[in-house]
Each structure stands twice: as structure tokens, then as C-alpha cells.
Amino acid sequence: MNYLTGKQIELRAVEPEDLNLLYRWENNASLWKYGCTIAPFSRYLLKQYIEHYSADIARDNQLRLIVVKKEDRQPIGIIDCFDYDATHRRAAIGILIDPLYSRQGFGRDALETFMRYAFEVLFLHQLYVHIPLCNTASIALFKSCGFCESGRLADWVRLPEGYTDALLLQKFSSK
């Protein structure tokens with residue numbers, strides 16, 4: 001079984017030719033409110049990141065994979081697994097699907113594919129995500145993939161219009 005292949009997508013390692021896409025996605029200020037970014041990344045910094053990235057979750061406490069469409073190998077997004085905790089076998093997860101490809105089932109396919117990989121290859125016990133309440137599409141995506149709400153974090157995310165709560169969602173391995 002290829003754990004990195006879904007119905008419509010494949011997950012692959014970050015490659016040097018992804019620099020321009022990472023630059024565009026990381027510097028899309030309209031998406032910063034969903035993460036922790038507050039300043040743009042330079043091409044130089046992203047190039048250094050790609051060159052030094054090991055893809056070893058145990059060493060880096062992070063694993064970043066590019067989401068590509070199977071039919072034409074077009075990169076359409078990123079899945080990040082971060083805050084890896086080897087002792088408790090858990091990690092946070094984040095997903096970005098390029099707005100040109102949203103609402104076409106790619107996000108769900110990528111998330112389901114990554115969950116299978118995380119639980120059956122990385123042997124994680126749980127994945128979790130913090131999602132601002134305003135990101136209703138992401139909340140719906142994670143809940144549709146079996147993530148359950150386990151808490152609400154008050155005033156967790158600062159937006160231009162003020163603070164908002166975030167939901168803590170978790171998904172546990174069935175093994």
C-alpha cells in the first residue's frame with residue numbers, strides 16, 4: 001500500500017522547484033490569520049529552509065509534505081505536521097489548499113491520506129488542530145474526517161477586528 005497516495009492526490013517531499021509556490025503561499029497575508037505568521041518570508045529564507053529541511057519528524061519535530069494532483073502532478077497545497085511529541089505520540093496538523101483548488105475534495109483527500117500515514121507509518125496516537133472560529137470551512141473539513149471537538153480556547157487568535165476563540169479538535173488512532 002502506498003500510504004502517500006489518495007484518490008485524487010499524492011503527498012510528496014518538498015523539492016527545490018517548490019520555492020515559488022511556497023513563497024506565494026507563505027506570503028499570502030489573507031491566510032496569516034489562520035496560523036502564526038505575522039511577517040512575509042523572503043525567497044532567501046525559504047530557499048534555505050528547503051535546502052536544510054531533513055523531512056525527519058523525530059529530528060525536526062515537523063514534517064511538511066506537498067499535496068499534488070495525481071492526474072497532472074500539479075502542486076496544490078501543503079500539509080504540515082508540527083509540534084511532534086515522541087513521548088506521547090502526538091502532533092499538530094495544518095493544511096493549506098491553494099484557493100484555486102478549494103472546494104473540490106482535495107483537502108479532504110489530502111487529510112485522510114495524511115491521517116493514514118500518520119497513524120500507520122509514523123505510529124502517532126493522536127493528531128490535533130487549533131482552528132479559529134471564523135475558519136468554518138476548516139472546522140467542517142476536520143470534523144468530516146473524524147476529528148472531534150475537545151475544547152474551546154478563549155481569545156486564542158488575534159485578528160484585525162479583535163480576539164476570537166479557537167476550537168481544539170483531536171483525532172485518535174484506532175489502533
# chains A, B, ... in the order shown; residues from 1 in each chain; ligands from 1
>>> residues_around(residues="A:Val14", least_positions_apart="3", cutoff="10 Å", atoms="only C-alpha atoms", output="list of chain:residue names")
A:Leu11, A:Glu17, A:Asp18, A:Leu19, A:Leu22, A:Tyr49, A:Ile50, A:Glu51, A:Tyr53, A:Ser54, A:Ala55, A:Leu63, A:Arg64, A:Leu65, A:Ile66, A:Val67, A:Ile78
>>> closest_atom_pairs(of="stretch 112-167 of chain A", to="stretch 87-108 of chain A", cutoff="9 Å", atoms="only C-alpha atoms", output="tab-separated table")
residue	atom	partner	partner_atom	distance
A:Glu112	CA	A:Arg108	CA	6.0
A:Thr113	CA	A:Arg108	CA	8.4
A:Leu122	CA	A:Arg89	CA	8.7
A:Phe123	CA	A:Arg89	CA	7.3
A:Leu124	CA	A:Arg89	CA	4.7
A:His125	CA	A:Arg89	CA	5.2
A:Gln126	CA	A:Arg90	CA	4.8
A:Leu127	CA	A:Ala91	CA	5.2
A:Tyr128	CA	A:Ala92	CA	4.8
A:Val129	CA	A:Ala92	CA	5.5
A:His130	CA	A:Ala92	CA	8.2
A:Ser138	CA	A:Ile95	CA	8.7
A:Leu141	CA	A:Arg108	CA	6.4
A:Phe142	CA	A:Arg108	CA	8.1
A:Ser144	CA	A:Arg108	CA	8.1
A:Cys145	CA	A:Arg108	CA	7.1
>>> write_last_selection(atoms="N, CA, C and O atoms", output="PDB file, in the first residue's frame")
ATOM      1  N   GLU A 112      -7.250  12.836   4.768  1.00  0.00           N
ATOM      2  CA  GLU A 112      -7.452  11.400   5.003  1.00  0.00           C
ATOM      3  C   GLU A 112      -6.182  10.607   4.685  1.00  0.00           C
ATOM      4  O   GLU A 112      -5.818   9.673   5.406  1.00  0.00           O
ATOM      5  N   THR A 113      -5.505  10.983   3.598  1.00  0.00           N
ATOM      6  CA  THR A 113      -4.269  10.303   3.214  1.00  0.00           C
ATOM      7  C   THR A 113      -3.201  10.519   4.274  1.00  0.00           C
ATOM      8  O   THR A 113      -2.513   9.572   4.687  1.00  0.00           O
ATOM      9  N   LEU A 122       3.884   6.508  10.899  1.00  0.00           N
ATOM     10  CA  LEU A 122       4.541   7.249  11.985  1.00  0.00           C
ATOM     11  C   LEU A 122       4.125   6.741  13.361  1.00  0.00           C
ATOM     12  O   LEU A 122       4.732   7.096  14.358  1.00  0.00           O
ATOM     13  N   PHE A 123       3.082   5.920  13.407  1.00  0.00           N
ATOM     14  CA  PHE A 123       2.547   5.342  14.641  1.00  0.00           C
ATOM     15  C   PHE A 123       2.142   6.397  15.669  1.00  0.00           C
ATOM     16  O   PHE A 123       2.310   6.199  16.874  1.00  0.00           O
ATOM     17  N   LEU A 124       1.600   7.506  15.181  1.00  0.00           N
ATOM     18  CA  LEU A 124       1.094   8.514  16.103  1.00  0.00           C
ATOM     19  C   LEU A 124      -0.171   7.999  16.775  1.00  0.00           C
ATOM     20  O   LEU A 124      -0.945   7.243  16.172  1.00  0.00           O
ATOM     21  N   HIS A 125      -0.379   8.406  17.993  1.00  0.00           N
ATOM     22  CA  HIS A 125      -1.592   8.067  18.730  1.00  0.00           C
ATOM     23  C   HIS A 125      -2.693   9.091  18.460  1.00  0.00           C
ATOM     24  O   HIS A 125      -3.870   8.737  18.434  1.00  0.00           O
ATOM     25  N   GLN A 126      -2.287  10.365  18.266  1.00  0.00           N
ATOM     26  CA  GLN A 126      -3.293  11.380  18.002  1.00  0.00           C
ATOM     27  C   GLN A 126      -2.740  12.538  17.180  1.00  0.00           C
ATOM     28  O   GLN A 126      -1.549  12.832  17.213  1.00  0.00           O
ATOM     29  N   LEU A 127      -3.643  13.151  16.440  1.00  0.00           N
ATOM     30  CA  LEU A 127      -3.398  14.405  15.730  1.00  0.00           C
ATOM     31  C   LEU A 127      -4.354  15.431  16.320  1.00  0.00           C
ATOM     32  O   LEU A 127      -5.474  15.087  16.705  1.00  0.00           O
ATOM     33  N   TYR A 128      -3.908  16.680  16.368  1.00  0.00           N
ATOM     34  CA  TYR A 128      -4.786  17.732  16.866  1.00  0.00           C
ATOM     35  C   TYR A 128      -4.587  19.004  16.055  1.00  0.00           C
ATOM     36  O   TYR A 128      -3.586  19.182  15.366  1.00  0.00           O
ATOM     37  N   VAL A 129      -5.570  19.869  16.155  1.00  0.00           N
ATOM     38  CA  VAL A 129      -5.542  21.130  15.408  1.00  0.00           C
ATOM     39  C   VAL A 129      -6.271  22.200  16.216  1.00  0.00           C
ATOM     40  O   VAL A 129      -7.246  21.905  16.908  1.00  0.00           O
ATOM     41  N   HIS A 130      -5.751  23.423  16.145  1.00  0.00           N
ATOM     42  CA  HIS A 130      -6.426  24.595  16.701  1.00  0.00           C
ATOM     43  C   HIS A 130      -6.962  25.386  15.510  1.00  0.00           C
ATOM     44  O   HIS A 130      -6.182  25.745  14.626  1.00  0.00           O
ATOM     45  N   SER A 138     -12.549  25.083   7.436  1.00  0.00           N
ATOM     46  CA  SER A 138     -11.566  24.172   8.021  1.00  0.00           C
ATOM     47  C   SER A 138     -12.180  23.338   9.146  1.00  0.00           C
ATOM     48  O   SER A 138     -11.918  22.139   9.246  1.00  0.00           O
ATOM     49  N   LEU A 141     -14.136  20.655   7.503  1.00  0.00           N
ATOM     50  CA  LEU A 141     -13.248  19.645   6.906  1.00  0.00           C
ATOM     51  C   LEU A 141     -12.748  18.678   7.974  1.00  0.00           C
ATOM     52  O   LEU A 141     -12.865  17.455   7.818  1.00  0.00           O
ATOM     53  N   PHE A 142     -12.196  19.205   9.052  1.00  0.00           N
ATOM     54  CA  PHE A 142     -11.628  18.321  10.072  1.00  0.00           C
ATOM     55  C   PHE A 142     -12.708  17.470  10.743  1.00  0.00           C
ATOM     56  O   PHE A 142     -12.496  16.281  10.986  1.00  0.00           O
ATOM     57  N   SER A 144     -15.448  16.461   9.342  1.00  0.00           N
ATOM     58  CA  SER A 144     -15.885  15.451   8.374  1.00  0.00           C
ATOM     59  C   SER A 144     -14.887  14.300   8.277  1.00  0.00           C
ATOM     60  O   SER A 144     -15.230  13.219   7.811  1.00  0.00           O
ATOM     61  N   CYS A 145     -13.649  14.534   8.715  1.00  0.00           N
ATOM     62  CA  CYS A 145     -12.625  13.489   8.707  1.00  0.00           C
ATOM     63  C   CYS A 145     -12.478  12.821  10.067  1.00  0.00           C
ATOM     64  O   CYS A 145     -11.494  12.112  10.318  1.00  0.00           O
TER      65      CYS A 145
END
>>> select_by_dssp(residues="stretch 12-108 of chain A", states="strand (DSSP E or B)", output="PyMOL selection string")
chain A and resi 12-13+62-69+75-85+90-97
>>> write_last_selection(atoms="N, CA and C atoms", output="PDB file, in the first residue's frame")
ATOM      1  N   ARG A  12       4.016  14.395  -1.282  1.00  0.00           N
ATOM      2  CA  ARG A  12       5.434  14.191  -1.576  1.00  0.00           C
ATOM      3  C   ARG A  12       6.281  15.177  -0.778  1.00  0.00           C
ATOM      4  N   ALA A  13       7.573  14.922  -0.739  1.00  0.00           N
ATOM      5  CA  ALA A  13       8.518  15.794  -0.041  1.00  0.00           C
ATOM      6  C   ALA A  13       8.608  17.148  -0.745  1.00  0.00           C
ATOM      7  N   GLN A  62       8.824  18.275  12.992  1.00  0.00           N
ATOM      8  CA  GLN A  62       7.935  18.773  11.949  1.00  0.00           C
ATOM      9  C   GLN A  62       8.081  17.892  10.712  1.00  0.00           C
ATOM     10  N   LEU A  63       6.995  17.781   9.962  1.00  0.00           N
ATOM     11  CA  LEU A  63       7.019  17.119   8.666  1.00  0.00           C
ATOM     12  C   LEU A  63       6.118  17.925   7.741  1.00  0.00           C
ATOM     13  N   ARG A  64       6.681  18.405   6.653  1.00  0.00           N
ATOM     14  CA  ARG A  64       5.919  19.179   5.671  1.00  0.00           C
ATOM     15  C   ARG A  64       5.889  18.398   4.371  1.00  0.00           C
ATOM     16  N   LEU A  65       4.688  18.208   3.838  1.00  0.00           N
ATOM     17  CA  LEU A  65       4.513  17.489   2.576  1.00  0.00           C
ATOM     18  C   LEU A  65       3.722  18.351   1.609  1.00  0.00           C
ATOM     19  N   ILE A  66       4.059  18.240   0.351  1.00  0.00           N
ATOM     20  CA  ILE A  66       3.362  18.967  -0.711  1.00  0.00           C
ATOM     21  C   ILE A  66       2.224  18.080  -1.221  1.00  0.00           C
ATOM     22  N   VAL A  67       1.057  18.680  -1.393  1.00  0.00           N
ATOM     23  CA  VAL A  67      -0.107  17.992  -1.945  1.00  0.00           C
ATOM     24  C   VAL A  67      -0.099  18.238  -3.450  1.00  0.00           C
ATOM     25  N   VAL A  68      -0.085  17.150  -4.235  1.00  0.00           N
ATOM     26  CA  VAL A  68      -0.130  17.281  -5.698  1.00  0.00           C
ATOM     27  C   VAL A  68      -1.323  16.505  -6.246  1.00  0.00           C
ATOM     28  N   LYS A  69      -1.889  17.026  -7.334  1.00  0.00           N
ATOM     29  CA  LYS A  69      -2.962  16.298  -8.023  1.00  0.00           C
ATOM     30  C   LYS A  69      -2.340  15.102  -8.736  1.00  0.00           C
ATOM     31  N   PRO A  75       1.283  20.811  -8.037  1.00  0.00           N
ATOM     32  CA  PRO A  75       1.218  21.093  -6.597  1.00  0.00           C
ATOM     33  C   PRO A  75       0.032  22.008  -6.290  1.00  0.00           C
ATOM     34  N   ILE A  76      -0.770  21.611  -5.300  1.00  0.00           N
ATOM     35  CA  ILE A  76      -1.970  22.393  -4.981  1.00  0.00           C
ATOM     36  C   ILE A  76      -2.072  22.751  -3.504  1.00  0.00           C
ATOM     37  N   GLY A  77      -1.120  22.313  -2.700  1.00  0.00           N
ATOM     38  CA  GLY A  77      -1.212  22.632  -1.285  1.00  0.00           C
ATOM     39  C   GLY A  77      -0.096  22.032  -0.460  1.00  0.00           C
ATOM     40  N   ILE A  78      -0.256  22.200   0.848  1.00  0.00           N
ATOM     41  CA  ILE A  78       0.738  21.746   1.819  1.00  0.00           C
ATOM     42  C   ILE A  78       0.015  21.113   3.004  1.00  0.00           C
ATOM     43  N   ILE A  79       0.615  20.067   3.543  1.00  0.00           N
ATOM     44  CA  ILE A  79       0.194  19.527   4.846  1.00  0.00           C
ATOM     45  C   ILE A  79       1.393  19.651   5.763  1.00  0.00           C
ATOM     46  N   ASP A  80       1.170  20.254   6.913  1.00  0.00           N
ATOM     47  CA  ASP A  80       2.215  20.389   7.921  1.00  0.00           C
ATOM     48  C   ASP A  80       1.835  19.587   9.145  1.00  0.00           C
ATOM     49  N   CYS A  81       2.757  18.799   9.619  1.00  0.00           N
ATOM     50  CA  CYS A  81       2.637  18.098  10.883  1.00  0.00           C
ATOM     51  C   CYS A  81       3.738  18.694  11.756  1.00  0.00           C
ATOM     52  N   PHE A  82       3.369  19.276  12.898  1.00  0.00           N
ATOM     53  CA  PHE A  82       4.345  20.005  13.701  1.00  0.00           C
ATOM     54  C   PHE A  82       4.066  19.793  15.183  1.00  0.00           C
ATOM     55  N   ASP A  83       4.943  20.341  16.010  1.00  0.00           N
ATOM     56  CA  ASP A  83       4.868  20.126  17.462  1.00  0.00           C
ATOM     57  C   ASP A  83       4.816  18.626  17.789  1.00  0.00           C
ATOM     58  N   TYR A  84       5.586  17.871  17.055  1.00  0.00           N
ATOM     59  CA  TYR A  84       5.657  16.421  17.250  1.00  0.00           C
ATOM     60  C   TYR A  84       6.180  16.117  18.645  1.00  0.00           C
ATOM     61  N   ASP A  85       5.509  15.234  19.334  1.00  0.00           N
ATOM     62  CA  ASP A  85       5.894  14.809  20.679  1.00  0.00           C
ATOM     63  C   ASP A  85       6.083  13.295  20.641  1.00  0.00           C
ATOM     64  N   ARG A  90       2.052  12.260  19.609  1.00  0.00           N
ATOM     65  CA  ARG A  90       1.043  13.179  19.079  1.00  0.00           C
ATOM     66  C   ARG A  90       1.722  14.300  18.307  1.00  0.00           C
ATOM     67  N   ALA A  91       0.925  14.957  17.467  1.00  0.00           N
ATOM     68  CA  ALA A  91       1.418  16.093  16.690  1.00  0.00           C
ATOM     69  C   ALA A  91       0.248  16.951  16.262  1.00  0.00           C
ATOM     70  N   ALA A  92       0.544  18.213  16.052  1.00  0.00           N
ATOM     71  CA  ALA A  92      -0.444  19.139  15.489  1.00  0.00           C
ATOM     72  C   ALA A  92      -0.410  19.001  13.972  1.00  0.00           C
ATOM     73  N   ILE A  93      -1.467  19.421  13.336  1.00  0.00           N
ATOM     74  CA  ILE A  93      -1.550  19.323  11.880  1.00  0.00           C
ATOM     75  C   ILE A  93      -2.180  20.591  11.331  1.00  0.00           C
ATOM     76  N   GLY A  94      -1.739  20.965  10.153  1.00  0.00           N
ATOM     77  CA  GLY A  94      -2.312  22.089   9.433  1.00  0.00           C
ATOM     78  C   GLY A  94      -2.339  21.764   7.960  1.00  0.00           C
ATOM     79  N   ILE A  95      -3.273  22.345   7.254  1.00  0.00           N
ATOM     80  CA  ILE A  95      -3.394  22.077   5.820  1.00  0.00           C
ATOM     81  C   ILE A  95      -3.717  23.378   5.097  1.00  0.00           C
ATOM     82  N   LEU A  96      -3.120  23.528   3.943  1.00  0.00           N
ATOM     83  CA  LEU A  96      -3.435  24.652   3.070  1.00  0.00           C
ATOM     84  C   LEU A  96      -3.649  24.090   1.669  1.00  0.00           C
ATOM     85  N   ILE A  97      -4.800  24.369   1.119  1.00  0.00           N
ATOM     86  CA  ILE A  97      -5.066  24.051  -0.284  1.00  0.00           C
ATOM     87  C   ILE A  97      -5.185  25.383  -1.009  1.00  0.00           C
TER      88      ILE A  97
END
>>> closest_residue(among="A:Ala86, A:Asp155, A:Arg43, A:Ser173", to="A:Asp60", atoms="only C-alpha atoms")
A:Ala86
>>> residues_around(residues="A:Leu153", least_positions_apart="4", cutoff="10 Å", atoms="only C-alpha atoms", output="PyMOL selection string")
chain A and resi 130-133+157+164-168
>>> atom_distance(atom1="atom CA of A:His52", atom2="atom CA of A:Tyr23")
16.3 Å
>>> residues_around(residues="A:Thr5", least_positions_apart="2", cutoff="9 Å", atoms="only C-alpha atoms", output="JSON, numbers by chain")
{"A": [1, 2, 3, 7, 8, 9, 10, 11, 70, 110, 113, 114]}
>>> atom_distance(atom1="atom CA of A:Arg116", atom2="atom CA of A:Trp25")
25.2 Å
>>> atom_distance(atom1="atom CA of A:Ala154", atom2="atom CA of A:Ala137")
19.8 Å
>>> closest_residue(among="A:Val121, A:Arg24, A:Pro40, A:Ile139", to="A:Ile57", atoms="only C-alpha atoms")
A:Val121
>>> residues_around(residues="A:Cys148", least_positions_apart="3", cutoff="7 Å", atoms="only C-alpha atoms", output="PyMOL selection string")
chain A and resi 143+169-171
>>> closest_residue(among="A:Phe172, A:Ala118, A:Arg73, A:Glu26", to="A:Leu45", atoms="only C-alpha atoms")
A:Glu26
>>> closest_residue(among="A:Asn61, A:Thr136, A:Gln74, A:Asn20", to="A:Ser42", atoms="only C-alpha atoms")
A:Asn20
>>> decode(residues="stretch 9-22 of chain A", atoms="all heavy atoms", output="short mmCIF file (atom, residue, chain, number, x, y, z; two decimals), in the first residue's frame")
data_model
loop_
_atom_site.label_atom_id
_atom_site.label_comp_id
_atom_site.auth_asym_id
_atom_site.auth_seq_id
_atom_site.Cartn_x
_atom_site.Cartn_y
_atom_site.Cartn_z
N ILE A 9 -5.11 12.73 -4.98
CA ILE A 9 -3.86 13.44 -4.66
C ILE A 9 -2.75 12.47 -4.28
O ILE A 9 -3.00 11.29 -4.03
CB ILE A 9 -4.07 14.44 -3.50
CG1 ILE A 9 -4.48 13.72 -2.19
CG2 ILE A 9 -5.06 15.51 -3.86
CD1 ILE A 9 -3.36 13.28 -1.30
N GLU A 10 -1.55 13.01 -4.26
CA GLU A 10 -0.40 12.33 -3.67
C GLU A 10 0.30 13.34 -2.77
O GLU A 10 0.23 14.55 -3.00
CB GLU A 10 0.57 11.85 -4.75
CG GLU A 10 0.02 10.71 -5.57
CD GLU A 10 0.98 10.25 -6.66
OE1 GLU A 10 2.05 10.88 -6.85
OE2 GLU A 10 0.65 9.26 -7.32
N LEU A 11 0.95 12.84 -1.74
CA LEU A 11 1.75 13.67 -0.86
C LEU A 11 3.21 13.35 -1.16
O LEU A 11 3.58 12.19 -1.29
CB LEU A 11 1.43 13.37 0.61
CG LEU A 11 -0.03 13.53 1.02
CD1 LEU A 11 -0.22 13.09 2.47
CD2 LEU A 11 -0.50 14.96 0.81
N ARG A 12 4.02 14.40 -1.28
CA ARG A 12 5.43 14.19 -1.58
C ARG A 12 6.28 15.18 -0.78
O ARG A 12 5.78 16.15 -0.23
CB ARG A 12 5.72 14.33 -3.07
CG ARG A 12 5.47 15.73 -3.61
CD ARG A 12 6.24 15.94 -4.91
NE ARG A 12 5.93 17.18 -5.56
CZ ARG A 12 6.44 18.37 -5.23
NH1 ARG A 12 7.26 18.48 -4.21
NH2 ARG A 12 6.11 19.46 -5.90
N ALA A 13 7.57 14.92 -0.74
CA ALA A 13 8.52 15.79 -0.04
C ALA A 13 8.61 17.15 -0.74
O ALA A 13 8.30 17.28 -1.93
CB ALA A 13 9.89 15.13 0.00
N VAL A 14 9.05 18.13 0.00
CA VAL A 14 9.31 19.46 -0.55
C VAL A 14 10.53 19.38 -1.44
O VAL A 14 11.55 18.78 -1.08
CB VAL A 14 9.54 20.48 0.58
CG1 VAL A 14 9.88 21.84 0.02
CG2 VAL A 14 8.32 20.57 1.48
N GLU A 15 10.44 19.95 -2.63
CA GLU A 15 11.53 19.96 -3.61
C GLU A 15 11.98 21.40 -3.88
O GLU A 15 11.20 22.34 -3.67
CB GLU A 15 11.06 19.34 -4.93
CG GLU A 15 10.63 17.90 -4.84
CD GLU A 15 11.79 16.93 -4.67
OE1 GLU A 15 12.97 17.36 -4.77
OE2 GLU A 15 11.53 15.74 -4.42
N PRO A 16 13.21 21.60 -4.36
CA PRO A 16 13.68 22.95 -4.66
C PRO A 16 12.77 23.72 -5.62
O PRO A 16 12.61 24.93 -5.49
CB PRO A 16 15.06 22.72 -5.29
CG PRO A 16 15.52 21.44 -4.68
CD PRO A 16 14.27 20.60 -4.53
N GLU A 17 12.15 23.01 -6.56
CA GLU A 17 11.27 23.70 -7.51
C GLU A 17 9.97 24.20 -6.87
O GLU A 17 9.19 24.89 -7.52
CB GLU A 17 10.96 22.82 -8.73
CG GLU A 17 10.30 21.51 -8.43
CD GLU A 17 11.29 20.35 -8.27
OE1 GLU A 17 12.48 20.58 -8.07
OE2 GLU A 17 10.82 19.20 -8.33
N ASP A 18 9.74 23.89 -5.60
CA ASP A 18 8.56 24.39 -4.89
C ASP A 18 8.76 25.79 -4.32
O ASP A 18 7.84 26.36 -3.73
CB ASP A 18 8.18 23.44 -3.74
CG ASP A 18 7.77 22.07 -4.23
OD1 ASP A 18 7.08 21.99 -5.27
OD2 ASP A 18 8.13 21.07 -3.58
N LEU A 19 9.95 26.36 -4.50
CA LEU A 19 10.27 27.65 -3.90
C LEU A 19 9.24 28.73 -4.23
O LEU A 19 8.74 29.41 -3.33
CB LEU A 19 11.67 28.10 -4.33
CG LEU A 19 12.09 29.49 -3.83
CD1 LEU A 19 12.15 29.53 -2.31
CD2 LEU A 19 13.44 29.87 -4.42
N ASN A 20 8.89 28.88 -5.49
CA ASN A 20 7.95 29.95 -5.87
C ASN A 20 6.57 29.74 -5.28
O ASN A 20 5.90 30.69 -4.88
CB ASN A 20 7.89 30.11 -7.39
CG ASN A 20 9.15 30.71 -7.94
OD1 ASN A 20 9.87 31.45 -7.26
ND2 ASN A 20 9.47 30.38 -9.18
N LEU A 21 6.13 28.49 -5.23
CA LEU A 21 4.82 28.20 -4.63
C LEU A 21 4.84 28.48 -3.13
O LEU A 21 3.91 29.10 -2.61
CB LEU A 21 4.44 26.73 -4.86
CG LEU A 21 3.81 26.40 -6.18
CD1 LEU A 21 3.66 24.89 -6.32
CD2 LEU A 21 2.46 27.08 -6.32
N LEU A 22 5.87 28.01 -2.44
CA LEU A 22 5.97 28.28 -1.01
C LEU A 22 6.01 29.78 -0.75
O LEU A 22 5.38 30.27 0.19
CB LEU A 22 7.19 27.59 -0.41
CG LEU A 22 7.13 26.08 -0.31
CD1 LEU A 22 8.45 25.53 0.23
CD2 LEU A 22 5.98 25.62 0.54
#
